[in-house]
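J.: Input coords_22.csv, format and content: CSV, C-alpha atoms (C1' of nucleotides).
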chain,number,residue,atom,x,y,z
A,137,MET,CA,122.4,-48.1,205.3
A,138,SER,CA,120.9,-46.9,208.6
A,139,GLU,CA,120.8,-43.2,208.7
A,140,LEU,CA,122.5,-41.2,211.4
A,141,ASP,CA,120.2,-40.0,214.2
A,142,ARG,CA,119.6,-36.4,213.4
A,143,THR,CA,118.7,-35.6,216.9
A,144,ILE,CA,122.2,-36.5,217.9
A,145,HIS,CA,124.0,-35.4,214.8
A,146,GLU,CA,123.4,-31.8,215.4
A,147,PRO,CA,126.8,-30.6,216.8
A,148,ALA,CA,125.4,-28.7,219.8
A,149,ARG,CA,123.4,-31.7,220.9
A,150,LEU,CA,126.3,-34.1,220.1
A,151,ARG,CA,128.5,-32.1,222.5
A,152,ILE,CA,125.8,-32.0,225.1
A,153,LEU,CA,125.1,-35.7,225.0
A,154,THR,CA,128.8,-36.6,225.0
A,155,ILE,CA,129.4,-34.4,228.0
A,156,LEU,CA,126.4,-35.8,229.8
A,157,SER,CA,127.7,-39.3,229.1
A,158,GLY,CA,130.8,-38.6,231.1
A,159,VAL,CA,129.4,-37.0,234.2
A,160,ASP,CA,126.6,-38.1,236.5
A,161,VAL,CA,124.8,-34.8,236.3
A,162,SER,CA,125.3,-31.4,234.8
A,163,ASP,CA,123.4,-28.2,235.3
A,164,PHE,CA,122.2,-25.6,233.0
A,165,ASN,CA,124.9,-23.1,233.8
A,166,PHE,CA,127.7,-25.4,233.2
A,167,LEU,CA,126.4,-26.3,229.8
A,168,PHE,CA,125.6,-22.8,229.1
A,169,SER,CA,129.1,-21.5,229.8
A,170,THR,CA,130.8,-24.5,228.3
A,171,LEU,CA,129.0,-24.5,225.0
A,172,GLY,CA,128.7,-20.8,224.3
A,173,LEU,CA,125.1,-21.1,223.2
A,174,THR,CA,122.4,-18.6,224.1
A,175,LYS,CA,120.2,-19.7,226.9
A,176,GLY,CA,117.2,-19.9,224.7
A,177,ASN,CA,119.0,-22.0,222.2
A,178,LEU,CA,120.4,-24.3,224.9
A,179,SER,CA,117.0,-24.6,226.4
A,180,SER,CA,115.4,-25.7,223.1
A,181,HIS,CA,118.1,-28.2,222.5
A,182,MET,CA,117.6,-29.7,225.9
A,183,ASP,CA,113.9,-29.8,225.2
A,184,LYS,CA,114.5,-31.7,222.1
A,185,LEU,CA,116.8,-34.2,223.8
A,186,GLU,CA,114.2,-34.6,226.6
A,187,LYS,CA,111.4,-35.3,224.1
A,188,ALA,CA,113.6,-37.8,222.4
A,189,GLY,CA,114.0,-39.5,225.7
A,190,TYR,CA,117.8,-39.0,225.7
A,191,VAL,CA,118.0,-36.9,228.8
A,192,GLU,CA,116.1,-36.5,232.0
A,193,VAL,CA,115.5,-33.0,233.3
A,194,ARG,CA,115.6,-32.5,237.0
A,195,LYS,CA,114.3,-29.2,238.3
A,196,SER,CA,115.1,-28.6,241.9
A,197,PHE,CA,115.3,-25.5,244.1
A,198,ASN,CA,118.3,-24.2,245.8
A,199,GLY,CA,116.4,-22.4,248.5
A,200,ARG,CA,114.0,-20.5,246.2
A,201,VAL,CA,116.3,-20.4,243.3
A,202,PRO,CA,115.4,-22.7,240.5
A,203,HIS,CA,118.1,-25.1,239.5
A,204,THR,CA,118.0,-27.3,236.5
A,205,GLU,CA,120.0,-30.4,236.0
A,206,PHE,CA,120.3,-32.8,233.3
A,207,VAL,CA,121.1,-36.5,233.3
A,208,ILE,CA,121.5,-38.8,230.3
A,209,THR,CA,119.1,-41.7,230.2
A,210,ASP,CA,119.9,-45.3,229.2
A,211,ALA,CA,118.2,-44.6,225.9
A,212,GLY,CA,120.5,-41.6,225.5
A,213,ARG,CA,123.6,-43.7,226.2
A,214,THR,CA,122.5,-46.4,223.8
A,215,ALA,CA,121.6,-43.9,221.1
A,216,LEU,CA,124.9,-42.1,221.6
A,217,SER,CA,127.0,-45.3,221.3
A,218,ASP,CA,125.0,-46.3,218.3
A,219,TYR,CA,125.8,-43.0,216.8
A,220,TRP,CA,129.5,-43.4,217.4
A,221,ARG,CA,129.3,-46.8,215.9
A,222,GLU,CA,127.6,-45.3,212.8
A,223,ILE,CA,130.3,-42.6,212.6
A,224,ASP,CA,133.0,-45.2,212.7
A,225,ALA,CA,131.2,-47.2,210.0
A,226,ILE,CA,131.2,-44.1,207.7
A,227,ARG,CA,134.8,-43.5,208.5
A,228,SER,CA,135.7,-46.9,207.4
A,229,LEU,CA,134.1,-46.4,204.1
A,230,HIS,CA,137.5,-45.2,203.3
A,231,GLY,CA,138.9,-48.0,201.3
A,232,LYS,CA,135.9,-49.3,199.4
A,233,GLY,CA,136.5,-49.9,195.7
A,234,GLY,CA,134.5,-47.9,193.2
A,235,ASP,CA,136.2,-47.2,190.0
B,1439,MET,CA,135.5,-24.1,220.0
B,1440,SER,CA,135.9,-24.4,216.2
B,1441,GLU,CA,132.6,-25.4,214.7
B,1442,LEU,CA,132.2,-28.4,212.6
B,1443,ASP,CA,132.4,-27.8,208.8
B,1444,ARG,CA,128.7,-28.0,207.9
B,1445,THR,CA,129.5,-28.7,204.3
B,1446,ILE,CA,131.1,-32.0,205.4
B,1447,HIS,CA,128.9,-32.6,208.4
B,1448,GLU,CA,125.9,-33.5,206.3
B,1449,PRO,CA,125.8,-37.3,206.3
B,1450,ALA,CA,125.4,-37.8,202.6
B,1451,ARG,CA,128.4,-35.5,201.9
B,1452,LEU,CA,130.4,-37.1,204.7
B,1453,ARG,CA,130.0,-40.5,203.1
B,1454,ILE,CA,130.8,-39.1,199.7
B,1455,LEU,CA,134.0,-37.4,200.8
B,1456,THR,CA,135.0,-40.4,202.8
B,1457,ILE,CA,134.5,-42.7,199.9
B,1458,LEU,CA,136.4,-40.3,197.6
B,1459,SER,CA,139.2,-40.1,200.0
B,1460,GLY,CA,139.8,-43.8,199.6
B,1461,VAL,CA,139.6,-44.2,195.8
B,1462,ASP,CA,141.4,-42.3,193.1
B,1463,VAL,CA,138.3,-41.5,191.2
B,1464,SER,CA,134.6,-42.4,191.5
B,1465,ASP,CA,131.9,-41.9,189.0
B,1466,PHE,CA,128.3,-40.6,189.3
B,1467,ASN,CA,126.7,-44.0,189.0
B,1468,PHE,CA,128.8,-45.6,191.6
B,1469,LEU,CA,128.0,-43.0,194.1
B,1470,PHE,CA,124.4,-43.0,193.0
B,1471,SER,CA,123.9,-46.7,193.5
B,1472,THR,CA,126.1,-46.8,196.6
B,1473,LEU,CA,124.4,-44.0,198.5
B,1474,GLY,CA,120.8,-44.6,197.6
B,1475,LEU,CA,120.2,-40.9,196.9
B,1476,THR,CA,118.1,-39.5,194.0
B,1477,LYS,CA,120.2,-38.3,191.1
B,1478,GLY,CA,119.1,-34.7,191.7
B,1479,ASN,CA,120.0,-34.9,195.3
B,1480,LEU,CA,123.3,-36.4,194.6
B,1481,SER,CA,124.0,-33.8,191.9
B,1482,SER,CA,123.3,-31.0,194.3
B,1483,HIS,CA,125.5,-32.5,197.0
B,1484,MET,CA,128.3,-32.8,194.4
B,1485,ASP,CA,127.7,-29.3,193.4
B,1486,LYS,CA,128.1,-28.1,196.9
B,1487,LEU,CA,131.2,-30.1,197.4
B,1488,GLU,CA,132.6,-28.7,194.2
B,1489,LYS,CA,131.8,-25.1,195.1
B,1490,ALA,CA,133.5,-25.7,198.5
B,1491,GLY,CA,136.5,-26.8,196.5
B,1492,TYR,CA,136.5,-30.2,198.1
B,1493,VAL,CA,136.0,-32.2,194.9
B,1494,GLU,CA,137.0,-31.8,191.3
B,1495,VAL,CA,134.4,-32.7,188.7
B,1496,ARG,CA,135.6,-34.4,185.6
B,1497,LYS,CA,133.2,-34.5,182.8
B,1498,SER,CA,134.3,-36.8,180.0
B,1499,PHE,CA,132.7,-38.7,177.2
B,1500,ASN,CA,132.7,-42.4,176.7
B,1501,GLY,CA,132.2,-42.2,173.0
B,1502,ARG,CA,129.3,-39.9,173.1
B,1503,VAL,CA,127.9,-40.9,176.5
B,1504,PRO,CA,128.5,-38.3,179.1
B,1505,HIS,CA,130.4,-39.6,182.0
B,1506,THR,CA,131.0,-37.7,185.2
B,1507,GLU,CA,133.7,-38.5,187.6
B,1508,PHE,CA,134.7,-37.0,190.9
B,1509,VAL,CA,138.1,-36.6,192.5
B,1510,ILE,CA,138.7,-35.3,196.0
B,1511,THR,CA,141.0,-32.3,196.1
B,1512,ASP,CA,143.8,-31.6,198.5
B,1513,ALA,CA,141.6,-29.0,200.2
B,1514,GLY,CA,139.0,-31.8,200.5
B,1515,ARG,CA,141.4,-34.2,202.0
B,1516,THR,CA,142.5,-31.5,204.5
B,1517,ALA,CA,139.0,-30.5,205.4
B,1518,LEU,CA,138.0,-34.1,205.9
B,1519,SER,CA,140.8,-34.9,208.2
B,1520,ASP,CA,140.2,-31.7,210.1
B,1521,TYR,CA,136.6,-32.8,210.4
B,1522,TRP,CA,137.6,-36.2,211.8
B,1523,ARG,CA,139.9,-34.5,214.2
B,1524,GLU,CA,137.0,-32.3,215.4
B,1525,ILE,CA,134.8,-35.3,215.8
B,1526,ASP,CA,137.4,-37.0,217.9
B,1527,ALA,CA,137.7,-33.8,220.0
B,1528,ILE,CA,134.0,-33.9,220.6
B,1529,ARG,CA,134.1,-37.5,221.4
B,1530,SER,CA,136.7,-36.9,224.0
B,1531,LEU,CA,134.5,-34.4,225.8
B,1532,HIS,CA,133.5,-37.5,227.5
B,1533,GLY,CA,135.2,-37.2,230.9
B,1534,LYS,CA,135.0,-33.5,231.6
B,1535,GLY,CA,133.9,-32.5,235.0
B,1536,GLY,CA,130.8,-30.5,235.4
B,1537,ASP,CA,128.8,-31.0,238.5
C,297,DT,C1',111.6,0.2,253.3
C,298,DC,C1',111.4,0.8,248.3
C,299,DC,C1',113.7,0.7,244.0
C,300,DC,C1',116.4,-1.2,240.6
C,301,DC,C1',119.2,-4.2,238.5
C,302,DA,C1',121.4,-8.8,237.6
C,303,DA,C1',121.1,-13.5,236.9
C,304,DG,C1',118.7,-18.1,236.3
C,305,DG,C1',115.8,-20.4,233.2
C,306,DG,C1',113.2,-20.1,230.1
C,307,DT,C1',109.1,-18.9,225.9
C,308,DG,C1',107.9,-17.1,221.3
C,309,DT,C1',109.1,-15.1,216.9
C,310,DG,C1',111.5,-14.5,212.7
C,311,DT,C1',115.1,-15.2,209.6
C,312,DT,C1',117.9,-18.0,207.2
C,313,DA,C1',119.5,-22.1,205.4
C,314,DC,C1',119.1,-26.3,203.4
C,315,DA,C1',117.8,-31.3,202.5
C,316,DA,C1',115.0,-34.0,199.9
C,317,DC,C1',111.9,-34.8,196.3
C,318,DC,C1',109.7,-34.1,191.8
C,319,DG,C1',109.3,-33.1,187.2
C,320,DC,C1',111.6,-31.3,183.3
C,321,DT,C1',115.2,-31.2,180.0
C,322,DC,C1',118.7,-32.3,176.6
C,323,DG,C1',121.6,-35.4,174.3
C,324,DT,C1',122.6,-40.0,172.7
C,325,DG,C1',122.1,-45.0,171.5
C,326,DG,C1',119.5,-48.6,170.0
D,135,DC,C1',110.8,-43.0,169.2
D,136,DC,C1',111.7,-44.6,173.6
D,137,DA,C1',114.8,-45.2,177.5
D,138,DC,C1',118.7,-43.8,180.0
D,139,DG,C1',122.5,-40.9,181.8
D,140,DA,C1',123.1,-36.6,184.1
D,141,DG,C1',121.6,-32.7,185.9
D,142,DC,C1',118.7,-28.3,186.7
D,143,DG,C1',115.0,-25.6,189.0
D,144,DG,C1',111.2,-25.0,191.9
D,145,DT,C1',108.8,-26.2,196.0
D,146,DT,C1',108.1,-27.8,200.6
D,147,DG,C1',109.2,-28.6,205.1
D,148,DT,C1',112.0,-28.4,208.9
D,149,DA,C1',115.4,-26.8,212.0
D,150,DA,C1',119.2,-23.9,214.0
D,151,DC,C1',120.2,-19.8,215.9
D,152,DA,C1',119.6,-15.2,217.4
D,153,DC,C1',117.1,-11.9,219.6
D,154,DA,C1',113.7,-9.9,222.4
D,155,DC,C1',111.2,-10.5,226.0
D,156,DC,C1',109.2,-12.6,230.5
D,157,DC,C1',109.0,-14.0,235.4
D,158,DT,C1',111.2,-14.8,239.7
D,159,DT,C1',114.5,-14.1,243.3
D,160,DG,C1',118.5,-12.0,245.7
D,161,DG,C1',121.1,-8.1,246.7
D,162,DG,C1',122.7,-3.4,247.1
D,163,DG,C1',121.9,1.5,247.9
D,164,DA,C1',119.3,5.7,249.6
As structure tokens, please, write out the structure in this file.

T.:
Amino acid sequence: MSELDRTIHEPARLRILTILSGVDVSDFNFLFSTLGLTKGNLSSHMDKLEKAGYVEVRKSFNGRVPHTEFVITDAGRTALSDYWREIDAIRSLHGKGGD
Amino acid sequence: MSELDRTIHEPARLRILTILSGVDVSDFNFLFSTLGLTKGNLSSHMDKLEKAGYVEVRKSFNGRVPHTEFVITDAGRTALSDYWREIDAIRSLHGKGGD
DNA sequence: TCCCCAAGGGTGTGTTACAACCGCTCGTGG
DNA sequence: CCACGAGCGGTTGTAACACACCCTTGGGGA
């Protein structure tokens, strides 16, 4: 009965990871405006994802303006697809006998 | 950006509701042994599901032995399928542009 | 030139919510 | 009288989210 990965299960992070799994790279502002989180909140979610090893954070400079980009890691991809597998497993609990 | 129903999103309750959606009726002991939760924990989850109107609790007596059964309500079924719809929506965020 | 403000990208704090566990209870059957 | 079914209540710990604030840079106006 492997438990769902709580790092991923949180809706905000699930959205983030799923988005990242579909693009090569995404920047702070895109996620910020897409997700409707506060910057602080987004920042701490990204922090958590980075600490879990699911995303790589790339800080660059556009001239002198800091620019933060995020890339999903292999571990992140793996964890995400495991997560979806788990979700599907739960979904298919529908139909078990139990009376 | 409708938010996921947190009542359902909790893994234990997601499993419970999904199981209930596939059987006519399920009793306390079945869920207890299936899910591997403590009784107190299971009880409080069921309480939350009942308060949300997602399950109906049927307390009967087998002779004099209390027997508790749970049935998913229409509201529960609706909320659950909405939930799966939402999950699918998130899942399909995969593929949005954002560079 | 100086001033001020906005925007990018955060940090730190506090509140609120809630999951999970434990111990207790209360009734019943053996 | 002991165990079991079923559940309640309290506690603990953690986490999300908001909010307020910070620092830096770029740009506009007087």

J.: Contacts between chain C and chain A, please, where a residue of chain A counts if it comes within 8 Å (with only C-alpha atoms (C1' of nucleotides)); show its shortest atom pair and distance in Å to one decimal, rows by chain and ascending number, as CSV.

T.:
residue,atom,partner,partner_atom,distance
A:Lys175,CA,C:DG306,C1',7.7
A:Gly176,CA,C:DG306,C1',6.7
A:Ser179,CA,C:DG306,C1',7.0
A:Val201,CA,C:DG304,C1',7.7
A:Pro202,CA,C:DG304,C1',7.0
A:His203,CA,C:DG304,C1',7.7
A:Thr204,CA,C:DG305,C1',8.0

J.: The coordinates of chain B, once least-squares superposed on chain A over all sequentially paired C-alpha atoms, should be supplied as a compact mmCIF listing (two decimals) with C-alpha atoms, in the coordinates of the input.

T.:
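For reference, part.txt as written:
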# COMPACT_ATOMS: atom_id res chain seq x y z
CA MET B 1439 122.36 -48.04 205.35
CA SER B 1440 120.91 -46.90 208.71
CA GLU B 1441 120.79 -43.14 208.77
CA LEU B 1442 122.44 -41.14 211.40
CA ASP B 1443 120.18 -40.09 214.33
CA ARG B 1444 119.59 -36.43 213.43
CA THR B 1445 118.63 -35.60 216.97
CA ILE B 1446 122.20 -36.47 218.04
CA HIS B 1447 123.90 -35.47 214.83
CA GLU B 1448 123.45 -31.78 215.48
CA PRO B 1449 126.80 -30.60 216.84
CA ALA B 1450 125.50 -28.73 219.83
CA ARG B 1451 123.43 -31.78 220.92
CA LEU B 1452 126.32 -34.13 220.18
CA ARG B 1453 128.55 -32.20 222.54
CA ILE B 1454 125.82 -32.05 225.14
CA LEU B 1455 125.13 -35.77 225.09
CA THR B 1456 128.79 -36.54 225.05
CA ILE B 1457 129.44 -34.36 228.01
CA LEU B 1458 126.45 -35.87 229.85
CA SER B 1459 127.64 -39.29 229.12
CA GLY B 1460 130.78 -38.61 231.10
CA VAL B 1461 129.36 -36.91 234.22
CA ASP B 1462 126.62 -38.05 236.52
CA VAL B 1463 124.74 -34.83 236.33
CA SER B 1464 125.32 -31.42 234.72
CA ASP B 1465 123.48 -28.25 235.31
CA PHE B 1466 122.13 -25.56 232.94
CA ASN B 1467 124.84 -23.06 233.71
CA PHE B 1468 127.65 -25.41 233.17
CA LEU B 1469 126.43 -26.38 229.82
CA PHE B 1470 125.58 -22.79 229.05
CA SER B 1471 129.03 -21.47 229.79
CA THR B 1472 130.75 -24.54 228.34
CA LEU B 1473 128.99 -24.54 224.98
CA GLY B 1474 128.77 -20.86 224.28
CA LEU B 1475 125.12 -21.13 223.19
CA THR B 1476 122.35 -18.61 224.05
CA LYS B 1477 120.16 -19.73 226.91
CA GLY B 1478 117.15 -20.02 224.58
CA ASN B 1479 119.07 -22.09 222.17
CA LEU B 1480 120.38 -24.31 224.80
CA SER B 1481 116.91 -24.68 226.34
CA SER B 1482 115.48 -25.76 223.04
CA HIS B 1483 118.25 -28.27 222.43
CA MET B 1484 117.59 -29.69 225.93
CA ASP B 1485 113.98 -29.80 225.16
CA LYS B 1486 114.57 -31.79 222.07
CA LEU B 1487 116.86 -34.14 223.84
CA GLU B 1488 114.28 -34.59 226.54
CA LYS B 1489 111.44 -35.26 224.11
CA ALA B 1490 113.69 -37.84 222.37
CA GLY B 1491 114.03 -39.44 225.77
CA TYR B 1492 117.77 -39.05 225.74
CA VAL B 1493 118.01 -36.85 228.84
CA GLU B 1494 116.10 -36.51 232.05
CA VAL B 1495 115.45 -32.99 233.29
CA ARG B 1496 115.64 -32.42 236.98
CA LYS B 1497 114.22 -29.23 238.17
CA SER B 1498 115.06 -28.50 241.79
CA PHE B 1499 115.30 -25.51 244.02
CA ASN B 1500 118.34 -24.26 245.79
CA GLY B 1501 116.41 -22.50 248.48
CA ARG B 1502 114.15 -20.64 246.21
CA VAL B 1503 116.47 -20.37 243.19
CA PRO B 1504 115.43 -22.62 240.41
CA HIS B 1505 118.09 -24.99 239.42
CA THR B 1506 117.94 -27.26 236.41
CA GLU B 1507 120.00 -30.30 236.01
CA PHE B 1508 120.29 -32.84 233.25
CA VAL B 1509 120.99 -36.55 233.37
CA ILE B 1510 121.51 -38.75 230.34
CA THR B 1511 119.13 -41.68 230.20
CA ASP B 1512 119.88 -45.24 229.29
CA ALA B 1513 118.16 -44.68 225.95
CA GLY B 1514 120.52 -41.69 225.55
CA ARG B 1515 123.56 -43.67 226.33
CA THR B 1516 122.43 -46.35 223.82
CA ALA B 1517 121.63 -43.88 221.11
CA LEU B 1518 124.94 -42.15 221.59
CA SER B 1519 126.97 -45.24 221.31
CA ASP B 1520 124.96 -46.33 218.32
CA TYR B 1521 125.73 -42.95 216.83
CA TRP B 1522 129.47 -43.37 217.42
CA ARG B 1523 129.29 -46.78 215.91
CA GLU B 1524 127.62 -45.30 212.79
CA ILE B 1525 130.25 -42.64 212.57
CA ASP B 1526 132.96 -45.23 212.70
CA ALA B 1527 131.13 -47.19 209.96
CA ILE B 1528 131.15 -44.12 207.81
CA ARG B 1529 134.70 -43.47 208.55
CA SER B 1530 135.61 -46.90 207.42
CA LEU B 1531 134.03 -46.34 204.03
CA HIS B 1532 137.45 -45.20 203.35
CA GLY B 1533 138.91 -48.05 201.27
CA LYS B 1534 135.94 -49.19 199.25
CA GLY B 1535 136.52 -49.77 195.62
CA GLY B 1536 134.65 -47.75 193.14
CA ASP B 1537 136.32 -46.99 189.90

J.: Report as a PyMOL selection string the set of chain A residues whose atoms approach chain D to within 10 Å, with distances computed over all atoms listed in the file.

T.: chain A and resi 146+148+173-174+176-177+181+199-202

J.: Within 10 Å of His230 in chain A, counting all atoms listed in the file, which residues qualify if same-chain residues fewer than 3 places away don't, as a compact mmCIF listing (two decimals) with C-alpha atoms, keeping the file's coordinate frame?

T.:
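That gives us selection-v8.txt:
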# COMPACT_ATOMS: atom_id res chain seq x y z
CA ALA A 225 131.20 -47.20 210.00
CA ILE A 226 131.20 -44.10 207.70
CA ARG A 227 134.80 -43.50 208.50
CA GLY A 233 136.50 -49.90 195.70
CA ARG B 1453 130.00 -40.50 203.10
CA ILE B 1454 130.80 -39.10 199.70
CA LEU B 1455 134.00 -37.40 200.80
CA THR B 1456 135.00 -40.40 202.80
CA ILE B 1457 134.50 -42.70 199.90
CA LEU B 1458 136.40 -40.30 197.60
CA SER B 1459 139.20 -40.10 200.00
CA GLY B 1460 139.80 -43.80 199.60
CA VAL B 1461 139.60 -44.20 195.80

J.: So how far away is CA of Leu178 in chain A from CA of Gly1533 in chain B, in Å?

T.: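 Between CA of Gly1533 in chain B and CA of Leu178 in chain A the gap works out to 20.5 Å.
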
J.: Hey, which of A:Thr214, A:Asn198, A:Ser228, A:Ser180 ends up closest to chain B? Count only C-alpha atoms.

T.: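 Smallest distance to chain B is found for A:Ser228.
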
J.: What is the CA of Trp1522 in chain B to CA of Val161 in chain A distance in Å?

T.: 27.7 Å

J.: Pick from B:Gly1491, B:Ser1519, B:Glu1524, B:Leu1531: nearest to chain A, with all atoms listed in the file counted?

T.: B:Leu1531

J.: I'd like the interatomic distance between CA of Arg1444 in chain B and CA of Asp141 in chain A, to a tenth of an Å.

T.: 16.0 Å

J.: Give the answer as one residue: which of A:Ile144, A:Ala211, A:Ile223, A:Lys195 has the shortest atom-to-atom distance to chain B, using all atoms listed in the file?

T.: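 When distances to chain B are compared using all atoms listed in the file, the smallest one comes from A:Ile223.
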
J.: With a distance cut-off of 10 Å and only C-alpha atoms (C1' of nucleotides), select the neighbouring residues of Glu205 in chain A, excluding the residue or stretch itself and same-chain residues fewer than 3 positions from it, and output the selection as a PyMOL selection string.

T.: (chain A and resi 161-167+191-196) or (chain B and resi 1537)
